[in-house]
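Trainee: I'm passing along entry22.txt; it holds compact mmCIF, C-alpha atoms and all ligand atoms.
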```
# COMPACT_ATOMS: atom_id res chain seq x y z
CA MET A 74 -47.56 56.56 251.41
CA ARG A 75 -45.80 54.58 248.72
CA ILE A 76 -42.91 52.38 249.71
CA ALA A 77 -40.80 50.13 247.50
CA PHE A 78 -38.68 47.29 248.86
CA VAL A 79 -35.54 46.71 246.80
CA GLY A 80 -32.31 44.79 247.33
CA LYS A 81 -30.41 41.69 246.39
CA GLY A 82 -32.34 38.48 245.73
CA GLY A 83 -32.64 36.54 249.00
CA SER A 84 -32.08 39.60 251.21
CA GLY A 85 -35.68 39.54 252.39
CA LYS A 86 -37.67 41.98 250.22
CA THR A 87 -40.71 39.75 249.99
CA THR A 88 -40.51 38.79 253.66
CA LEU A 89 -40.32 42.39 254.88
CA THR A 90 -43.01 43.59 252.46
CA SER A 91 -45.34 40.89 253.79
CA LEU A 92 -44.49 41.49 257.46
CA PHE A 93 -44.85 45.25 257.21
CA GLY A 94 -48.09 44.77 255.27
CA GLU A 95 -49.50 42.45 257.92
CA TYR A 96 -48.35 44.81 260.64
CA LEU A 97 -50.23 47.74 259.07
CA ILE A 98 -53.28 45.58 258.36
CA SER A 99 -53.33 44.49 262.03
CA GLN A 100 -53.55 48.20 262.91
CA ASN A 101 -56.56 48.62 260.61
CA HIS A 102 -54.78 50.68 257.99
CA ARG A 103 -55.74 50.48 254.36
CA VAL A 104 -52.97 48.71 252.52
CA ILE A 105 -52.27 48.09 248.85
CA LEU A 106 -49.76 45.29 248.34
CA ILE A 107 -48.17 44.93 244.93
CA ASP A 108 -46.09 42.01 243.81
CA GLY A 109 -43.69 43.43 241.25
CA ASP A 110 -41.35 40.47 241.29
CA ILE A 111 -40.88 37.96 238.54
CA ASN A 112 -41.03 35.11 241.09
CA GLN A 113 -44.34 36.02 242.59
CA HIS A 114 -44.22 34.86 246.20
CA LEU A 115 -45.76 37.75 248.04
CA LEU A 116 -49.36 36.57 248.04
CA SER A 117 -48.46 33.22 249.56
CA LYS A 118 -46.66 35.01 252.40
CA VAL A 119 -49.45 37.36 253.42
CA SER A 120 -52.14 35.99 255.70
CA ILE A 121 -55.27 37.58 254.25
CA PRO A 122 -58.43 36.09 252.75
CA GLN A 123 -57.75 35.73 249.03
CA LYS A 124 -59.74 35.42 245.82
CA SER A 125 -58.86 34.80 242.22
CA ALA A 126 -58.19 37.79 239.97
CA GLN A 127 -56.25 38.83 236.91
CA THR A 128 -52.72 40.18 236.97
CA LEU A 129 -52.35 43.77 235.85
CA GLY A 130 -49.66 42.98 233.29
CA ASN A 131 -51.60 40.34 231.43
CA ASN A 132 -54.81 42.28 231.09
CA LEU A 133 -54.02 45.96 230.92
CA HIS A 134 -56.45 46.94 228.20
CA PRO A 135 -59.54 47.52 230.38
CA LEU A 136 -57.49 49.57 232.83
CA LYS A 137 -55.91 51.70 230.11
CA ASN A 138 -59.29 52.21 228.50
CA HIS A 139 -60.74 53.40 231.78
CA LEU A 140 -57.80 55.69 232.60
CA LYS A 141 -57.81 57.27 229.15
CA GLY A 142 -61.36 58.49 229.79
CA ASN A 143 -61.88 61.68 227.78
CA ASN A 144 -58.24 62.64 227.62
CA LYS A 145 -57.97 64.19 224.15
CA LYS A 146 -54.18 63.94 224.17
CA ILE A 147 -54.42 60.14 223.90
CA SER A 148 -55.84 59.45 220.44
CA ASN A 149 -56.53 55.79 221.12
CA VAL A 150 -55.80 53.18 223.71
CA GLN A 151 -53.02 51.62 221.57
CA GLU A 152 -51.08 54.82 222.17
CA PHE A 153 -51.40 54.48 225.93
CA ILE A 154 -47.88 53.31 226.84
CA LYS A 155 -46.51 52.54 230.29
CA THR A 156 -45.33 56.09 230.82
CA THR A 157 -48.40 57.91 229.44
CA PRO A 158 -49.20 60.49 232.10
CA PRO A 159 -52.67 61.55 233.21
CA GLY A 160 -54.04 64.77 231.73
CA LEU A 161 -57.28 66.72 231.47
CA GLY A 162 -60.12 64.20 231.02
CA SER A 163 -58.20 61.19 232.40
CA ASN A 164 -59.90 59.06 234.99
CA LEU A 165 -57.84 58.81 238.14
CA LEU A 166 -57.83 55.91 240.59
CA HIS A 167 -58.61 55.65 244.29
CA PHE A 168 -58.35 52.79 246.76
CA ASP A 169 -62.04 52.01 246.18
CA SER A 170 -62.18 52.37 242.39
CA ASP A 171 -64.38 49.62 240.92
CA ILE A 172 -62.12 49.13 237.90
CA LEU A 173 -59.48 47.72 240.27
CA ASN A 174 -61.74 44.92 241.55
CA GLN A 175 -60.90 42.58 238.67
CA TYR A 176 -57.18 42.83 239.48
CA ASP A 177 -57.54 42.45 243.23
CA PHE A 178 -56.45 39.14 244.79
CA SER A 179 -57.45 40.25 248.29
CA ASP A 180 -60.77 39.44 249.88
CA HIS A 181 -60.08 41.70 252.85
CA GLN A 182 -61.94 45.02 252.81
CA ASN A 183 -58.93 47.10 253.92
CA VAL A 184 -56.48 45.40 251.59
CA ARG A 185 -55.92 45.45 247.86
CA PHE A 186 -53.47 42.99 246.35
CA PHE A 187 -52.20 43.43 242.80
CA LYS A 188 -49.66 41.47 240.78
CA ALA A 189 -47.59 42.81 237.90
CA GLY A 190 -47.92 39.37 236.31
CA GLU A 191 -45.79 36.52 235.12
CA ASN A 192 -44.13 36.35 231.74
CA THR A 193 -46.16 34.37 229.28
CA ALA A 194 -44.68 32.14 226.59
CA GLN A 195 -45.36 34.88 224.07
CA ASP A 196 -43.26 37.36 226.11
CA LEU A 197 -40.21 35.15 226.34
CA GLY A 198 -37.31 36.43 224.32
CA VAL A 199 -39.41 39.31 223.08
CA ARG A 200 -40.10 41.43 226.11
CA CYS A 201 -38.27 41.75 229.33
CA TYR A 202 -40.10 41.79 232.60
CA HIS A 203 -40.37 45.57 232.44
CA SER A 204 -43.33 45.20 230.13
CA LYS A 205 -45.12 43.75 233.15
CA THR A 206 -43.78 46.12 235.79
CA GLY A 207 -44.90 48.85 233.39
CA SER A 208 -48.40 48.05 234.64
CA ILE A 209 -47.36 49.23 238.12
CA GLU A 210 -46.06 52.46 236.63
CA ILE A 211 -49.43 53.02 234.97
CA LEU A 212 -51.26 52.28 238.23
CA LEU A 213 -49.08 54.60 240.31
CA ASN A 214 -49.21 57.38 237.70
CA HIS A 215 -52.97 57.49 238.06
CA LEU A 216 -53.56 56.51 241.69
CA ILE A 217 -54.51 59.25 244.11
CA ASP A 218 -53.56 57.54 247.34
CA LEU A 219 -54.05 59.22 250.69
CA ASP A 220 -51.50 59.76 253.48
CA ASN A 221 -53.08 57.09 255.69
CA GLU A 222 -53.12 54.48 252.91
CA TYR A 223 -49.97 52.43 252.51
CA ILE A 224 -48.80 51.08 249.18
CA LEU A 225 -46.04 48.51 249.50
CA VAL A 226 -44.32 47.19 246.40
CA ASP A 227 -42.12 44.10 246.42
CA MET A 228 -39.76 44.92 243.56
CA THR A 229 -37.67 42.75 241.26
CA ALA A 230 -34.23 41.81 242.55
CA GLY A 231 -31.09 43.83 242.07
CA ALA A 232 -30.54 46.75 239.75
CA ASP A 233 -33.48 45.76 237.52
CA SER A 234 -35.65 47.98 239.71
CA PHE A 235 -33.96 50.98 238.15
CA ALA A 236 -34.33 50.02 234.51
CA SER A 237 -37.55 52.05 234.21
CA GLY A 238 -39.04 55.13 235.84
CA LEU A 239 -40.99 53.04 238.35
CA PHE A 240 -38.57 53.81 241.17
CA THR A 241 -39.40 57.53 240.97
CA LYS A 242 -43.05 56.99 241.94
CA PHE A 243 -42.44 56.29 245.64
CA ASP A 244 -42.23 58.41 248.75
CA LEU A 245 -39.60 56.13 250.20
CA ILE A 246 -37.41 53.30 248.96
CA ILE A 247 -36.28 50.70 251.45
CA ILE A 248 -33.08 48.88 250.53
CA VAL A 249 -33.06 45.52 252.29
CA ALA A 250 -29.55 44.33 253.13
CA ALA A 251 -28.49 40.99 254.57
CA PRO A 252 -25.01 40.79 256.10
CA ASN A 253 -23.12 39.67 253.01
CA LEU A 254 -21.05 41.16 250.20
CA GLY A 255 -23.74 40.77 247.55
CA SER A 256 -26.22 42.84 249.56
CA ILE A 257 -23.64 45.54 250.16
CA ASP A 258 -22.82 45.65 246.49
CA VAL A 259 -26.48 46.13 245.59
CA TYR A 260 -26.87 48.72 248.37
CA GLN A 261 -23.98 50.75 246.97
CA GLN A 262 -25.39 50.67 243.44
CA HIS A 263 -28.87 51.62 244.61
CA ARG A 264 -27.54 54.35 246.91
CA ASP A 265 -25.64 56.07 244.10
CA HIS A 266 -28.57 55.81 241.75
CA LEU A 267 -31.06 57.14 244.29
CA LYS A 268 -28.77 60.00 245.30
CA ASN A 269 -28.38 60.97 241.63
CA HIS A 270 -32.14 61.23 241.32
CA ASN A 271 -32.52 62.92 244.69
CA LEU A 272 -34.91 60.25 245.97
CA PRO A 273 -35.52 59.42 249.64
CA PHE A 274 -34.30 56.02 250.80
CA PHE A 275 -33.27 54.05 253.87
CA VAL A 276 -31.47 50.79 254.44
CA VAL A 277 -33.02 48.10 256.59
CA ALA A 278 -30.69 45.33 257.77
CA ASN A 279 -32.19 41.85 257.73
CA GLN A 280 -31.36 38.32 258.81
CA ILE A 281 -29.14 39.56 261.63
CA GLU A 282 -27.98 36.74 263.89
CA ASP A 283 -25.27 38.21 266.06
CA GLN A 284 -23.14 41.22 266.86
CA SER A 285 -20.70 40.48 264.04
CA ASP A 286 -23.56 40.71 261.49
CA HIS A 287 -24.47 44.02 263.02
CA ASN A 288 -20.94 45.37 262.96
CA TYR A 289 -20.43 44.24 259.40
CA LEU A 290 -23.42 46.19 258.12
CA GLN A 291 -22.90 49.19 260.40
CA ASN A 292 -19.40 49.59 259.02
CA LEU A 293 -20.49 49.50 255.40
CA ILE A 294 -23.80 51.35 255.45
CA GLU A 295 -23.67 55.11 255.81
CA GLN A 296 -25.07 55.99 259.24
CA GLU A 297 -27.57 58.51 257.86
CA HIS A 298 -29.13 55.82 255.65
CA TYR A 299 -29.41 53.08 258.25
CA LEU A 300 -32.94 52.77 259.60
CA THR A 301 -33.36 49.59 261.64
CA SER A 302 -32.47 45.88 261.81
CA PHE A 303 -34.55 42.75 261.55
CA TYR A 304 -33.25 39.66 263.24
CA LYS A 305 -33.32 36.09 262.03
CA SER A 306 -36.72 34.99 263.22
CA SER A 307 -37.71 31.54 264.42
CA ALA A 308 -41.36 32.60 264.38
CA LEU A 309 -40.95 33.41 260.71
CA LYS A 310 -39.39 30.05 260.06
CA LEU A 311 -42.47 28.35 261.52
CA LYS A 312 -44.71 30.67 259.49
CA GLU A 313 -42.85 29.59 256.35
CA ARG A 314 -43.64 26.00 257.24
CA GLY A 315 -47.32 26.81 257.20
CA GLU A 316 -47.96 27.39 260.90
CA LYS A 317 -50.50 30.09 261.68
CA ILE A 318 -48.30 32.81 263.14
CA THR A 319 -49.63 36.37 263.21
CA VAL A 320 -47.29 39.31 262.85
CA ASN A 321 -47.85 40.24 266.49
CA GLN A 322 -46.37 36.88 267.52
CA LEU A 323 -43.00 37.90 266.10
CA GLU A 324 -40.07 38.40 268.44
CA ASN A 325 -40.16 41.74 270.31
CA GLU A 326 -37.01 42.97 268.60
CA ASN A 327 -38.61 42.45 265.18
CA LEU A 328 -41.85 44.11 266.27
CA THR A 329 -39.82 47.08 267.46
CA SER A 330 -38.21 47.26 264.02
CA LEU A 331 -41.62 47.22 262.32
CA GLN A 332 -42.66 50.09 264.59
CA ALA A 333 -39.44 51.97 263.73
CA LEU A 334 -40.15 51.49 260.04
CA LYS A 335 -43.65 52.88 260.41
CA GLU A 336 -42.43 55.85 262.45
CA SER A 337 -39.83 56.72 259.86
CA ILE A 338 -42.52 56.91 257.21
CA ASN A 339 -45.04 59.01 259.13
CA PRO A 340 -43.28 62.38 258.74
CA ILE A 341 -42.70 61.96 254.99
CA GLU A 342 -44.84 64.18 252.80
CA ARG A 343 -45.87 63.29 249.30
CA ASP A 344 -44.24 65.46 246.67
CA TRP A 345 -46.72 65.21 243.81
CA THR A 346 -44.85 67.78 241.75
CA ARG A 347 -41.65 65.74 241.91
CA ILE A 348 -43.57 62.63 240.88
CA ARG A 349 -45.23 64.46 237.99
CA ASN A 350 -41.96 65.97 236.77
CA HIS A 351 -40.22 62.60 236.87
CA SER A 352 -43.09 61.01 235.01
CA HIS A 353 -42.90 63.65 232.27
CA HIS A 354 -39.16 63.09 232.01
CA PHE A 355 -39.51 59.32 231.61
CA HIS A 356 -42.43 59.66 229.22
CA THR A 357 -40.40 61.93 226.95
CA GLN A 358 -37.46 59.51 227.08
CA ASN A 359 -39.62 56.49 226.24
CA SER A 360 -41.37 58.36 223.44
CA LEU A 361 -38.13 59.40 221.78
CA LYS A 362 -36.25 56.16 222.35
CA TRP A 363 -38.73 53.59 221.09
CA ALA A 364 -42.43 54.39 221.25
CA ASN A 365 -42.63 57.12 218.60
CA SER A 366 -40.93 55.01 215.97
CA GLU A 367 -42.98 51.96 216.89
CA LEU A 368 -46.31 53.78 216.82
CA GLY A 369 -45.50 56.35 214.15
CA THR A 370 -46.57 59.33 216.22
CA GLN A 371 -45.25 61.86 218.70
CA LEU A 372 -46.19 60.56 222.08
CA GLU A 373 -44.41 63.28 224.04
CA ASN A 374 -47.38 65.44 222.99
CA GLN A 375 -49.46 63.42 225.44
CA ILE A 376 -47.92 65.45 228.23
CA ASP A 377 -50.51 67.91 229.48
CA GLU A 378 -48.65 70.74 231.18
CA THR A 379 -51.91 72.15 232.56
CA PHE A 380 -52.67 68.98 234.51
CA LEU A 381 -51.88 68.94 238.23
CA TYR A 382 -52.54 66.12 240.67
CA PRO A 383 -55.32 67.00 243.13
CA GLY A 384 -52.73 67.02 245.93
CA GLU A 385 -50.53 69.67 244.30
CA LYS A 386 -50.75 73.07 245.93
N1 LIG B 401 -35.66 38.01 259.29
C1 LIG B 401 -35.73 36.76 258.79
N2 LIG B 401 -35.75 35.69 259.62
C2 LIG B 401 -35.80 34.43 259.13
N3 LIG B 401 -35.85 34.14 257.83
C3 LIG B 401 -35.84 35.16 256.95
C4 LIG B 401 -35.79 36.52 257.37
N4 LIG B 401 -35.81 37.30 256.28
C5 LIG B 401 -35.88 36.48 255.22
N5 LIG B 401 -35.89 35.19 255.60
C6 LIG B 401 -35.92 34.01 254.71
O1 LIG B 401 -34.93 34.17 253.71
C7 LIG B 401 -35.40 33.70 252.46
C8 LIG B 401 -35.31 34.81 251.41
O2 LIG B 401 -36.21 35.83 251.74
P1 LIG B 401 -37.13 36.56 250.66
O3 LIG B 401 -38.00 37.52 251.40
O4 LIG B 401 -37.80 35.57 249.79
O5 LIG B 401 -36.01 37.35 249.83
P2 LIG B 401 -36.15 38.23 248.50
O6 LIG B 401 -37.61 38.54 248.29
O7 LIG B 401 -35.33 39.45 248.75
O8 LIG B 401 -35.57 37.40 247.40
C9 LIG B 401 -36.82 33.20 252.68
O9 LIG B 401 -36.80 31.82 252.88
C10 LIG B 401 -37.23 33.90 253.97
O10 LIG B 401 -38.15 33.17 254.70
MG MG B 402 -38.79 38.07 246.64
```
Translate the structure of the given file into C-alpha cells.

Mentor:
Amino acid sequence: MRIAFVGKGGSGKTTLTSLFGEYLISQNHRVILIDGDINQHLLSKVSIPQKSAQTLGNNLHPLKNHLKGNNKKISNVQEFIKTTPPGLGSNLLHFDSDILNQYDFSDHQNVRFFKAGENTAQDLGVRCYHSKTGSIEILLNHLIDLDNEYILVDMTAGADSFASGLFTKFDLIIIVAAPNLGSIDVYQQHRDHLKNHNLPFFVVANQIEDQSDHNYLQNLIEQEHYLTSFYKSSALKLKERGEKITVNQLENENLTSLQALKESINPIERDWTRIRNHSHHFHTQNSLKWANSELGTQLENQIDETFLYPGEK
C-alpha cells in the first residue's frame, strides 16, 4: 500500500508519517519510508538503526541505468526523464532489489528509508524541488510493492505536492489538518484537486487539544472524508526532546487513531491500471511541454502500450 501524507507546513505530516511508520514496524510489517520534503526531518524522527546512503535525487543515474534495462523505447539514459514509464525490457523494483541498497538509510531488515534529496547549490535558481521529488516518481513508477508492504511518503508542504504527477501514484492520500484556518485552506485546495482526479483521500485531524478543536474541524471537513483524530501528545513532546519513547508508549487515544488509520487502509485495493494510465498522461504532458524540445526527440514514444504491471488482471 502506498500512502502519501500531505497538508500545510506544521500540521504534522512528518510526525504522523514517522508515528505510523513506527507503528507498522512494531507489528513486523515491511515498510518503505520516503522523505519527499525539502526540509528533511523524517529520518531524525524515526527510531530505527540507520546507516549512511545517497539520496535518490542527487544520484539518479545508476538507478535510471538499471531501470532502463533492455527497454528499446529508451534510446539512452539521458532520455530517461522523471515520467518515463516502464515498458518491455525494463527492470522493475521490489522491496529487496539490490540496486536500492545504495539509497537506503535504514539498517533495519524490514525497513527501507529513501530521501528525495536536498537542493544543491547548482540547483538553486535553476531547478525547483520537483527535480528531486521526480526521483520518487521514478521509484514508484517501477516499484512492484505488495499489499502487505507499506510505503509512506512525507510530502512537501502545501499545494506543491500537486505540481507533478507524483500524487497519482498512491493508493491513498492522507491530508493532515491541524485546527487552524491555514490547514483548512490547504485541505480545501487538496480536496478539490483530488476529487478532480478521482483519487482516494482522507483527512486526519492532528494536534487536537480540546472539544473546540474537534468541533472546529468537524464543522469544516466533510464527514465522508474525516478519518480520525490525533491529540496533542506529551509523549511525543518528550520524544522530540530525545527521550527514548516507543510508539506503543503513546497515549491510548493516539494508539487508537493509528489503529484506525491502518484499518482504513486494509480494504483498499491497488488499481495498477489507474496508476499506469495516469503515468502515461503525465509522461505525454511532460514530453510535449518541455522534454521534447530540450532533448530534441519525441519522448511520448517511450510509452509502451503493450506493457502491463504484473498486478494488472
Ligand atoms: N499530535 C502531536 N502532538 C504533539 N506535537 C505534535 C503533534 N503533531 C505534531 N506535533 C509537533 O508539531 C510540530 C510540527 O510537526 P511536523 O510533523 O514537523 O509538521 P509538518 O511535517 O507538517 O511540517 C513538530 O514540532 C511536532 O513535534
Ligand atoms: Mg515536515

Trainee: Name each residue within 12 Å of ligand MG 402 (chain B), counting only C-alpha atoms and all ligand atoms, as a PDB file with C-alpha atoms, in the frame of the given file.

Mentor:
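Listing of out14.pdb after writing:
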```pdb
ATOM      1  CA  PHE A  78     -38.680  47.290 248.860  1.00  0.00           C
ATOM      2  CA  VAL A  79     -35.540  46.710 246.800  1.00  0.00           C
ATOM      3  CA  GLY A  80     -32.310  44.790 247.330  1.00  0.00           C
ATOM      4  CA  LYS A  81     -30.410  41.690 246.390  1.00  0.00           C
ATOM      5  CA  GLY A  82     -32.340  38.480 245.730  1.00  0.00           C
ATOM      6  CA  GLY A  83     -32.640  36.540 249.000  1.00  0.00           C
ATOM      7  CA  SER A  84     -32.080  39.600 251.210  1.00  0.00           C
ATOM      8  CA  GLY A  85     -35.680  39.540 252.390  1.00  0.00           C
ATOM      9  CA  LYS A  86     -37.670  41.980 250.220  1.00  0.00           C
ATOM     10  CA  THR A  87     -40.710  39.750 249.990  1.00  0.00           C
ATOM     11  CA  THR A  88     -40.510  38.790 253.660  1.00  0.00           C
ATOM     12  CA  LEU A  89     -40.320  42.390 254.880  1.00  0.00           C
ATOM     13  CA  THR A  90     -43.010  43.590 252.460  1.00  0.00           C
ATOM     14  CA  SER A  91     -45.340  40.890 253.790  1.00  0.00           C
ATOM     15  CA  ILE A 107     -48.170  44.930 244.930  1.00  0.00           C
ATOM     16  CA  ASP A 108     -46.090  42.010 243.810  1.00  0.00           C
ATOM     17  CA  GLY A 109     -43.690  43.430 241.250  1.00  0.00           C
ATOM     18  CA  ASP A 110     -41.350  40.470 241.290  1.00  0.00           C
ATOM     19  CA  ILE A 111     -40.880  37.960 238.540  1.00  0.00           C
ATOM     20  CA  ASN A 112     -41.030  35.110 241.090  1.00  0.00           C
ATOM     21  CA  GLN A 113     -44.340  36.020 242.590  1.00  0.00           C
ATOM     22  CA  HIS A 114     -44.220  34.860 246.200  1.00  0.00           C
ATOM     23  CA  LEU A 115     -45.760  37.750 248.040  1.00  0.00           C
ATOM     24  CA  LEU A 116     -49.360  36.570 248.040  1.00  0.00           C
ATOM     25  CA  SER A 117     -48.460  33.220 249.560  1.00  0.00           C
ATOM     26  CA  LYS A 118     -46.660  35.010 252.400  1.00  0.00           C
ATOM     27  CA  VAL A 226     -44.320  47.190 246.400  1.00  0.00           C
ATOM     28  CA  ASP A 227     -42.120  44.100 246.420  1.00  0.00           C
ATOM     29  CA  MET A 228     -39.760  44.920 243.560  1.00  0.00           C
ATOM     30  CA  THR A 229     -37.670  42.750 241.260  1.00  0.00           C
ATOM     31  CA  ALA A 230     -34.230  41.810 242.550  1.00  0.00           C
ATOM     32  CA  GLY A 231     -31.090  43.830 242.070  1.00  0.00           C
ATOM     33  CA  VAL A 249     -33.060  45.520 252.290  1.00  0.00           C
TER      34      VAL A 249
END
```

Trainee: Using all atoms listed in the file, which residue out of A:Ile154, A:Leu92, A:Leu372, A:Leu173 lies closest to Lys312 (chain A)?

Mentor: A:Leu92

Trainee: Report the distance between CA of Lys137 (chain A) and CA of Val150 (chain A) in Å, rounded to one decimal place.

Mentor: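 For CA of Lys137 (chain A) relative to CA of Val150 (chain A), the distance reads 6.6 Å.
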
Trainee: Could you check the closest approach to ligand LIG 401 (chain B) for each of A:His134, A:Lys205, A:Lys310, A:Lys268 and tell me which residue wins, using all atoms listed in the file?

Mentor: A:Lys310

Trainee: Give me, as JSON lines, each residue of region 132-237 of chain A that comes within 7 Å of region 341-358 of chain A, together with its shortest interatomic pair and the distance in Å at one decimal, counting only C-alpha atoms, with rows ordered by chain and rising residue number.

Mentor:
```
{"residue": "A:Thr156", "atom": "CA", "partner": "A:His356", "partner_atom": "CA", "distance": 4.9}
{"residue": "A:Thr157", "atom": "CA", "partner": "A:His356", "partner_atom": "CA", "distance": 6.2}
{"residue": "A:Pro158", "atom": "CA", "partner": "A:Ser352", "partner_atom": "CA", "distance": 6.8}
```

Trainee: Separation of atom P1 of ligand LIG 401 (chain B) and CA of Asp169 (chain A), in Å?

Mentor: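 A separation of 29.7 Å between them.
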
Trainee: Calculate, to one decimal in Å, the centre and edge lengths of the box along x, y and z of the file that holds all listed atoms of ligand LIG 401 (chain B) with 8 Å of margin on each side, and present them as AutoDock Vina command-line options.

Mentor:
```
--center_x -36.5 --center_y 35.6 --center_z 253.5 --size_x 19.2 --size_y 23.6 --size_z 28.2
```

Trainee: What is the distance, in Å and to one decimal place, between CA of Asn101 (chain A) and CA of Phe274 (chain A)?

Mentor: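 Result for CA of Asn101 (chain A) versus CA of Phe274 (chain A): 25.4 Å, one decimal.
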
Trainee: Find, counting only C-alpha atoms and all ligand atoms, the residue in A:Trp363, A:Tyr382, A:Phe243, A:Phe303 that gets nearest to ligand LIG 401 (chain B).

Mentor: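 Residue with the minimum atom-to-atom distance to ligand LIG 401 (chain B): A:Phe303.
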
Trainee: Ranking A:Glu282, A:Glu336, A:Glu297, A:Asp377 by minimum distance to ligand LIG 401 (chain B) and counting all atoms listed in the file, which one comes first?

Mentor: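 Distance minimum relative to ligand LIG 401 (chain B) lands on A:Glu282.
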
Trainee: With a distance cut-off of 12 Å and only C-alpha atoms, select the neighbouring residues of Asp220 (chain A), excluding the residue or stretch itself and same-chain residues fewer than 4 positions from it, and output the selection as a list in words.

Mentor: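 Close residues of Asp220 (chain A): Met74, Arg75, Ile76, His102, Arg103, Val104, Phe168, Ile224, Asp244, Ile338, Asn339, Pro340, Ile341, Glu342, Arg343, Asp344 and Gly384 of chain A.
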
Trainee: Identify which of the residues A:Arg314, A:Lys305, A:His181, A:Lys141 lies closest to ligand LIG 401 (chain B), counting only C-alpha atoms and all ligand atoms when measuring atom-to-atom distances.

Mentor: A:Lys305

Trainee: Looking at A:Gln151, A:Thr370, A:Asn144, A:Thr301, which one is nearest to Ser337 (chain A), with distances taken over all atoms listed in the file?

Mentor: A:Thr301

Trainee: Could you pull out every residue with an atom within 12 Å of (-51.4, 46.7, 265.6), file coordinates, counting all atoms listed in the file, and send them as a ChimeraX atom specification?

Mentor: /A:92-102,319-322,328-329,331-332,335
